[in-house]
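Student: Got a structure for you, query09.pdb, holding PDB, C-alpha atoms.
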```pdb
ATOM      1  CA  MET A   1     -53.080  -9.053 -16.512
ATOM      2  CA  GLU A   2     -53.211  -6.394 -13.783
ATOM      3  CA  ILE A   3     -56.465  -4.463 -13.478
ATOM      4  CA  GLU A   4     -56.052  -0.713 -13.358
ATOM      5  CA  THR A   5     -57.985   1.270 -10.787
ATOM      6  CA  ARG A   6     -58.544   5.013 -10.812
ATOM      7  CA  THR A   7     -56.246   6.458  -8.189
ATOM      8  CA  GLU A   8     -57.380  10.092  -8.191
ATOM      9  CA  ALA A   9     -59.508  11.246  -5.263
ATOM     10  CA  ARG A  10     -63.249  10.815  -5.749
ATOM     11  CA  GLY A  11     -66.033  12.900  -4.306
ATOM     12  CA  GLY A  12     -68.836  11.307  -2.322
ATOM     13  CA  VAL A  13     -71.411  11.434  -5.117
ATOM     14  CA  SER A  14     -68.946  10.059  -7.677
ATOM     15  CA  LEU A  15     -67.979   7.232  -5.342
ATOM     16  CA  MET A  16     -71.594   6.281  -4.617
ATOM     17  CA  LEU A  17     -72.407   6.216  -8.332
ATOM     18  CA  ASP A  18     -69.370   4.021  -8.925
ATOM     19  CA  VAL A  19     -70.492   1.603  -6.197
ATOM     20  CA  LEU A  20     -73.795   1.187  -8.030
ATOM     21  CA  THR A  21     -72.498   1.111 -11.605
ATOM     22  CA  GLN A  22     -68.983  -0.317 -11.406
ATOM     23  CA  PRO A  23     -68.685  -1.878  -7.945
ATOM     24  CA  ALA A  24     -65.499  -3.881  -8.505
ATOM     25  CA  GLU A  25     -63.507  -0.762  -9.377
ATOM     26  CA  ALA A  26     -65.185   1.250  -6.595
ATOM     27  CA  PHE A  27     -64.336  -1.312  -3.918
ATOM     28  CA  ARG A  28     -60.777  -1.658  -5.180
ATOM     29  CA  TYR A  29     -60.497   2.105  -4.782
ATOM     30  CA  LEU A  30     -62.012   1.924  -1.271
ATOM     31  CA  ALA A  31     -59.426  -0.688  -0.283
ATOM     32  CA  GLN A  32     -56.808   2.050  -0.707
ATOM     33  CA  HIS A  33     -58.653   5.162   0.525
ATOM     34  CA  ASN A  34     -60.488   6.233   3.655
ATOM     35  CA  HIS A  35     -64.169   7.139   3.266
ATOM     36  CA  LEU A  36     -65.450   5.701   6.546
ATOM     37  CA  GLY A  37     -67.449   8.797   7.465
ATOM     38  CA  LEU A  38     -69.323   8.726   4.165
ATOM     39  CA  ALA A  39     -69.880   4.972   4.496
ATOM     40  CA  LEU A  40     -71.434   5.297   7.955
ATOM     41  CA  ILE A  41     -73.731   8.109   6.797
ATOM     42  CA  VAL A  42     -74.813   6.054   3.767
ATOM     43  CA  TYR A  43     -75.442   3.038   5.970
ATOM     44  CA  ALA A  44     -77.535   5.014   8.479
ATOM     45  CA  VAL A  45     -79.592   6.690   5.720
ATOM     46  CA  SER A  46     -80.073   3.398   3.858
ATOM     47  CA  GLN A  47     -81.790   1.933   6.930
ATOM     48  CA  LEU A  48     -84.363   4.735   7.182
ATOM     49  CA  PRO A  49     -86.979   3.157   4.858
ATOM     50  CA  LEU A  50     -87.151   0.212   7.271
ATOM     51  CA  ASN A  51     -88.753   2.556   9.819
ATOM     52  CA  PHE A  52     -91.750   3.121   7.550
ATOM     53  CA  THR A  53     -92.960  -0.408   6.893
ATOM     54  CA  PRO A  54     -96.613  -0.323   5.759
ATOM     55  CA  PRO A  55     -99.122  -2.536   7.616
ATOM     56  CA  LEU A  56    -100.026  -5.849   6.026
ATOM     57  CA  PRO A  57    -103.676  -6.632   5.125
ATOM     58  CA  PHE A  58    -104.008  -9.105   8.007
ATOM     59  CA  SER A  59    -102.717  -6.571  10.577
ATOM     60  CA  ALA A  60    -106.239  -5.780  11.717
ATOM     61  CA  ASP A  61    -106.814  -9.437  12.620
ATOM     62  CA  ILE A  62    -103.983  -9.522  15.144
ATOM     63  CA  GLY A  63    -104.429  -6.021  16.489
ATOM     64  CA  ASP A  64    -101.692  -4.196  18.337
ATOM     65  CA  LEU A  65     -99.205  -7.056  17.880
ATOM     66  CA  ALA A  66     -98.710  -6.032  14.232
ATOM     67  CA  THR A  67     -98.954  -2.284  14.734
ATOM     68  CA  ALA A  68     -95.565  -0.623  14.975
ATOM     69  CA  PRO A  69     -95.428   2.702  16.814
ATOM     70  CA  PRO A  70     -95.136   5.711  14.492
ATOM     71  CA  ALA A  71     -91.589   6.793  13.713
ATOM     72  CA  THR A  72     -90.367   9.966  15.413
ATOM     73  CA  VAL A  73     -87.175  11.968  14.973
ATOM     74  CA  ARG A  74     -85.869  10.481  18.219
ATOM     75  CA  SER A  75     -86.701   6.897  17.230
ATOM     76  CA  VAL A  76     -85.082   7.376  13.805
ATOM     77  CA  LEU A  77     -81.889   8.739  15.381
ATOM     78  CA  VAL A  78     -81.776   5.933  17.942
ATOM     79  CA  ASP A  79     -82.336   3.346  15.200
ATOM     80  CA  ALA A  80     -79.542   4.907  13.126
ATOM     81  CA  ILE A  81     -77.143   4.597  16.075
ATOM     82  CA  TYR A  82     -78.171   0.980  16.659
ATOM     83  CA  HIS A  83     -77.710   0.164  12.968
ATOM     84  CA  ILE A  84     -74.218   1.675  12.918
ATOM     85  CA  ILE A  85     -73.269  -0.259  16.067
ATOM     86  CA  GLY A  86     -74.661  -3.383  14.400
ATOM     87  CA  LEU A  87     -72.496  -2.734  11.340
ATOM     88  CA  PHE A  88     -69.375  -2.544  13.523
ATOM     89  CA  ILE A  89     -70.363  -5.798  15.242
ATOM     90  CA  PHE A  90     -71.290  -7.641  12.030
ATOM     91  CA  ALA A  91     -68.071  -6.613  10.263
ATOM     92  CA  ALA A  92     -65.808  -7.898  13.066
ATOM     93  CA  PRO A  93     -66.369 -11.669  12.626
ATOM     94  CA  LEU A  94     -66.413 -11.189   8.844
ATOM     95  CA  HIS A  95     -62.967  -9.623   9.032
ATOM     96  CA  LEU A  96     -61.727 -12.479  11.238
ATOM     97  CA  VAL A  97     -63.157 -15.136   8.898
ATOM     98  CA  ALA A  98     -61.723 -13.411   5.829
ATOM     99  CA  ARG A  99     -58.268 -13.251   7.395
ATOM    100  CA  LEU A 100     -58.493 -16.929   8.390
ATOM    101  CA  LEU A 101     -59.353 -17.728   4.770
ATOM    102  CA  GLY A 102     -56.150 -16.030   3.663
ATOM    103  CA  GLY A 103     -57.465 -12.566   2.866
ATOM    104  CA  HIS A 104     -55.360  -9.420   3.029
ATOM    105  CA  GLY A 105     -57.346  -6.456   4.213
ATOM    106  CA  ARG A 106     -58.008  -4.281   7.247
ATOM    107  CA  TYR A 107     -61.079  -4.038   9.441
ATOM    108  CA  GLY A 108     -61.637  -0.376   8.551
ATOM    109  CA  GLN A 109     -61.604  -1.215   4.846
ATOM    110  CA  ILE A 110     -64.333  -3.856   5.036
ATOM    111  CA  LEU A 111     -66.326  -1.693   7.438
ATOM    112  CA  GLN A 112     -66.557   1.194   4.975
ATOM    113  CA  ALA A 113     -67.095  -1.182   2.042
ATOM    114  CA  MET A 114     -70.046  -2.836   3.795
ATOM    115  CA  GLY A 115     -71.487   0.563   4.662
ATOM    116  CA  LEU A 116     -71.493   1.616   1.012
ATOM    117  CA  ALA A 117     -72.735  -1.816  -0.114
ATOM    118  CA  SER A 118     -76.020  -0.989   1.655
ATOM    119  CA  LEU A 119     -76.662   1.870  -0.802
ATOM    120  CA  PRO A 120     -79.440   0.096  -2.812
ATOM    121  CA  ALA A 121     -81.680   0.197   0.274
ATOM    122  CA  VAL A 122     -82.016   3.971  -0.238
ATOM    123  CA  PHE A 123     -84.146   3.253  -3.329
ATOM    124  CA  VAL A 124     -86.772   1.550  -1.160
ATOM    125  CA  ALA A 125     -87.961   4.957   0.095
ATOM    126  CA  PRO A 126     -90.195   5.892  -2.884
ATOM    127  CA  PHE A 127     -91.739   2.414  -2.849
ATOM    128  CA  ALA A 128     -92.540   2.903   0.843
ATOM    129  CA  VAL A 129     -94.390   6.128  -0.056
ATOM    130  CA  VAL A 130     -96.347   4.371  -2.838
ATOM    131  CA  ALA A 131     -97.143   1.452  -0.547
ATOM    132  CA  HIS A 132     -98.593   3.808   2.087
ATOM    133  CA  LEU A 133    -100.523   6.079  -0.276
ATOM    134  CA  ALA A 134    -101.934   3.324  -2.492
ATOM    135  CA  GLU A 135    -102.265   0.786   0.346
ATOM    136  CA  LEU A 136    -100.133  -1.707  -1.549
ATOM    137  CA  PRO A 137     -97.771  -3.064   1.138
ATOM    138  CA  PHE A 138     -96.379  -5.791  -1.078
ATOM    139  CA  VAL A 139     -94.867  -3.150  -3.373
ATOM    140  CA  TYR A 140     -92.720  -2.144  -0.417
ATOM    141  CA  PHE A 141     -91.753  -5.702   0.489
ATOM    142  CA  LEU A 142     -90.796  -6.538  -3.108
ATOM    143  CA  ALA A 143     -88.624  -3.409  -3.189
ATOM    144  CA  VAL A 144     -86.970  -4.476   0.075
ATOM    145  CA  LEU A 145     -86.318  -7.950  -1.338
ATOM    146  CA  ALA A 146     -84.719  -6.493  -4.486
ATOM    147  CA  ALA A 147     -82.612  -4.057  -2.441
ATOM    148  CA  VAL A 148     -81.414  -6.833  -0.117
ATOM    149  CA  ALA A 149     -80.426  -9.023  -3.070
ATOM    150  CA  TRP A 150     -78.546  -6.128  -4.699
ATOM    151  CA  SER A 151     -76.823  -5.200  -1.429
ATOM    152  CA  LEU A 152     -75.799  -8.822  -0.843
ATOM    153  CA  TRP A 153     -74.168  -8.935  -4.265
ATOM    154  CA  LEU A 154     -72.375  -5.642  -3.598
ATOM    155  CA  THR A 155     -71.213  -7.037  -0.247
ATOM    156  CA  VAL A 156     -69.754 -10.096  -1.986
ATOM    157  CA  VAL A 157     -67.925  -7.821  -4.421
ATOM    158  CA  ALA A 158     -66.750  -5.674  -1.496
ATOM    159  CA  ILE A 159     -65.328  -8.714   0.315
ATOM    160  CA  ARG A 160     -63.700 -10.000  -2.861
ATOM    161  CA  GLU A 161     -61.988  -6.727  -3.674
ATOM    162  CA  THR A 162     -61.072  -5.803  -0.094
ATOM    163  CA  TYR A 163     -59.424  -9.131   0.717
ATOM    164  CA  LYS A 164     -58.289  -9.953  -2.841
ATOM    165  CA  PHE A 165     -60.406 -13.110  -2.894
ATOM    166  CA  SER A 166     -62.113 -15.122  -5.579
ATOM    167  CA  THR A 167     -65.894 -14.664  -5.727
ATOM    168  CA  GLY A 168     -66.407 -18.152  -4.281
ATOM    169  CA  ARG A 169     -64.218 -17.429  -1.283
ATOM    170  CA  ALA A 170     -65.985 -14.100  -0.738
ATOM    171  CA  VAL A 171     -69.355 -15.886  -0.706
ATOM    172  CA  ALA A 172     -67.970 -18.442   1.758
ATOM    173  CA  ALA A 173     -66.663 -15.691   4.061
ATOM    174  CA  LEU A 174     -70.051 -13.922   4.034
ATOM    175  CA  ALA A 175     -71.941 -17.192   4.635
ATOM    176  CA  LEU A 176     -69.708 -18.072   7.588
ATOM    177  CA  ASP A 177     -70.157 -14.574   9.009
ATOM    178  CA  VAL A 178     -73.956 -14.802   8.768
ATOM    179  CA  ALA A 179     -73.872 -18.275  10.355
ATOM    180  CA  ALA A 180     -71.712 -17.017  13.224
ATOM    181  CA  PHE A 181     -74.028 -14.023  13.717
ATOM    182  CA  VAL A 182     -77.122 -16.284  13.835
ATOM    183  CA  VAL A 183     -75.449 -18.628  16.330
ATOM    184  CA  VAL A 184     -74.456 -15.731  18.593
ATOM    185  CA  ILE A 185     -77.989 -14.270  18.490
ATOM    186  CA  PHE A 186     -79.472 -17.706  19.234
ATOM    187  CA  VAL A 187     -77.123 -18.293  22.174
ATOM    188  CA  LEU A 188     -77.825 -14.827  23.584
ATOM    189  CA  GLY A 189     -81.566 -15.467  23.215
ATOM    190  CA  VAL A 190     -81.303 -18.780  25.071
ATOM    191  CA  LEU A 191     -79.213 -17.221  27.850
ATOM    192  CA  LEU A 192     -81.674 -14.334  28.191
ATOM    193  CA  SER A 193     -84.619 -16.759  28.349
ATOM    194  CA  LEU A 194     -82.872 -18.834  31.021
ATOM    195  CA  ALA A 195     -82.105 -15.696  33.023
ATOM    196  CA  LEU A 196     -85.734 -14.583  32.863
ATOM    197  CA  LEU A 197     -86.957 -18.036  33.911
ATOM    198  CA  ALA A 198     -84.515 -18.099  36.825
ATOM    199  CA  ALA A 199     -85.550 -14.644  38.018
ATOM    200  CA  PRO A 200     -87.872 -14.673  41.073
TER     201      PRO A 200
END
```
As structure tokens, how would this structure be written, given the file I've shared?

Tutor:
Amino acid sequence: MEIETRTEARGGVSLMLDVLTQPAEAFRYLAQHNHLGLALIVYAVSQLPLNFTPPLPFSADIGDLATAPPATVRSVLVDAIYHIIGLFIFAAPLHLVARLLGGHGRYGQILQAMGLASLPAVFVAPFAVVAHLAELPFVYFLAVLAAVAWSLWLTVVAIRETYKFSTGRAVAALALDVAAFVVVIFVLGVLLSLALLAAP
């Protein structure tokens, strides 16, 4: 039985609500329409709460090592640019893996789908405020954990619908992408350490 998807144009707010409430249909729609600009804005905004991490109770014991510098407009903008660049980088091996696994989709489609899959992180913001005002940092970290879990599930759905996969194959593609990303970071870290050791 073929699943019907709404084909009429959707506004940004409508699309974001659909991602949260009926993600399979929303990502099927995104596989056929271009909303990359919206997706990049959502992704950049969703990362903002990460700039306001409250200090942990043991921060005082380790001094300046645990104290992050206060966020400024400049630092927030720079972080947003870095996050967007990171999204482009992270989506590239995922697209390659998905195609190798037999998926049918384009890089731009998974890029915008992953951007919108980060939407739950926006809801961390009020918990960050509560954590700072009430000095309850673990409220913030629990909210981050819940948002990450929700975003991961949305990402799996996004991969499944973009590449017309089964859920199992979508999970495999994401796992392989994360593994490749970790390996690349590890190798770059080792090479950087060797370069620093070799420097006079």

Student: Since I can't run it myself right now, could you work out what the PyMOL selection byres ((chain A and resi 90) around 12) selects here and report it as a count of residues only?

Tutor: 30

Student: Compile the contact shell of range 119-133 of chain A as a list of chain:residue names: residues with an atom at most 8 Å away, counting all atoms listed in the file, same-chain residues fewer than 4 positions apart removed.

Tutor: A:Met16, A:Leu20, A:Val42, A:Tyr43, A:Val45, A:Ser46, A:Gln47, A:Leu48, A:Pro49, A:Phe52, A:Thr53, A:Pro54, A:Gly115, A:Pro137, A:Phe138, A:Val139, A:Tyr140, A:Ala143, A:Val144, A:Ala147, A:Val148, A:Trp150, A:Ser151

Student: Would you compute the distance between CA of Leu116 in chain A and CA of Ala39 in chain A? Give it in Å to one decimal.

Tutor: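 Interatomic distance here is 5.1 Å.
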
Student: Any idea what the distance is between CA of Leu36 in chain A and CA of Gly12 in chain A?

Tutor: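 Between CA of Leu36 in chain A and CA of Gly12 in chain A the gap is 11.0 Å.
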
Student: Which value, in Å to one decimal, gives the distance between CA of Arg28 in chain A and CA of Glu161 in chain A?

Tutor: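 About the pair CA of Arg28 in chain A and CA of Glu161 in chain A: they are 5.4 Å apart.
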
Student: With only C-alpha atoms as the atoms that count, which of A:Ala117, A:Leu192, A:Ala149, A:Leu197 lies nearest to Pro23 in chain A?

Tutor: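 Closest to Pro23 in chain A of all the choices is A:Ala117.
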
Student: Of the candidates A:Phe141, A:Phe165, A:Phe27, A:Trp153, which shows the shortest atom-to-atom distance to Leu15 in chain A, using only C-alpha atoms?

Tutor: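 Closest residue, counting only C-alpha atoms: A:Phe27.
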
Student: List as a PyMOL selection string: which residues have an atom within 12 Å of (-66.7, -18.8, 0.5), counting all atoms listed in the file?

Tutor: chain A and resi 94+97-98+100-103+156+159-160+165-178

Student: Out of A:Ala44, A:Leu191, A:Leu136, A:Leu50, which residue has the shortest atom-to-atom distance to Leu77 in chain A when counting all atoms listed in the file?

Tutor: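 Residue with the minimum atom-to-atom distance to Leu77 in chain A: A:Ala44.
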
Student: For His33 in chain A, work out the shell of residues within 10 Å, counting all atoms listed in the file and skipping chain neighbours fewer than 2 positions away, then give it as a PyMOL selection string.

Tutor: chain A and resi 7+9-10+27-31+35-36+109+112

Student: Could the residues in this selection be written to a file with C-alpha atoms, as a CSV table (one decimal), in the frame of the given file?

Tutor:
```
chain,number,residue,atom,x,y,z
A,7,THR,CA,-56.2,6.5,-8.2
A,9,ALA,CA,-59.5,11.2,-5.3
A,10,ARG,CA,-63.2,10.8,-5.7
A,27,PHE,CA,-64.3,-1.3,-3.9
A,28,ARG,CA,-60.8,-1.7,-5.2
A,29,TYR,CA,-60.5,2.1,-4.8
A,30,LEU,CA,-62.0,1.9,-1.3
A,31,ALA,CA,-59.4,-0.7,-0.3
A,35,HIS,CA,-64.2,7.1,3.3
A,36,LEU,CA,-65.4,5.7,6.5
A,109,GLN,CA,-61.6,-1.2,4.8
A,112,GLN,CA,-66.6,1.2,5.0
```

Student: Each side padded by 8 Å, which centre and which edge lengths in Å (one decimal) define the axis-aligned box around the listed atoms of range 15-25 of chain A? Give them as JSON.

Tutor:
```
{"center_x": -68.7, "center_y": 1.7, "center_z": -8.1, "size_x": 26.3, "size_y": 27.1, "size_z": 23.0}
```

Student: Could you tell me which of A:Leu194, A:Leu154, A:Thr162, A:Thr72 comes closest to Thr21 in chain A if we count all atoms listed in the file?

Tutor: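 Using all atoms listed in the file, the shortest distance to Thr21 in chain A belongs to A:Leu154.
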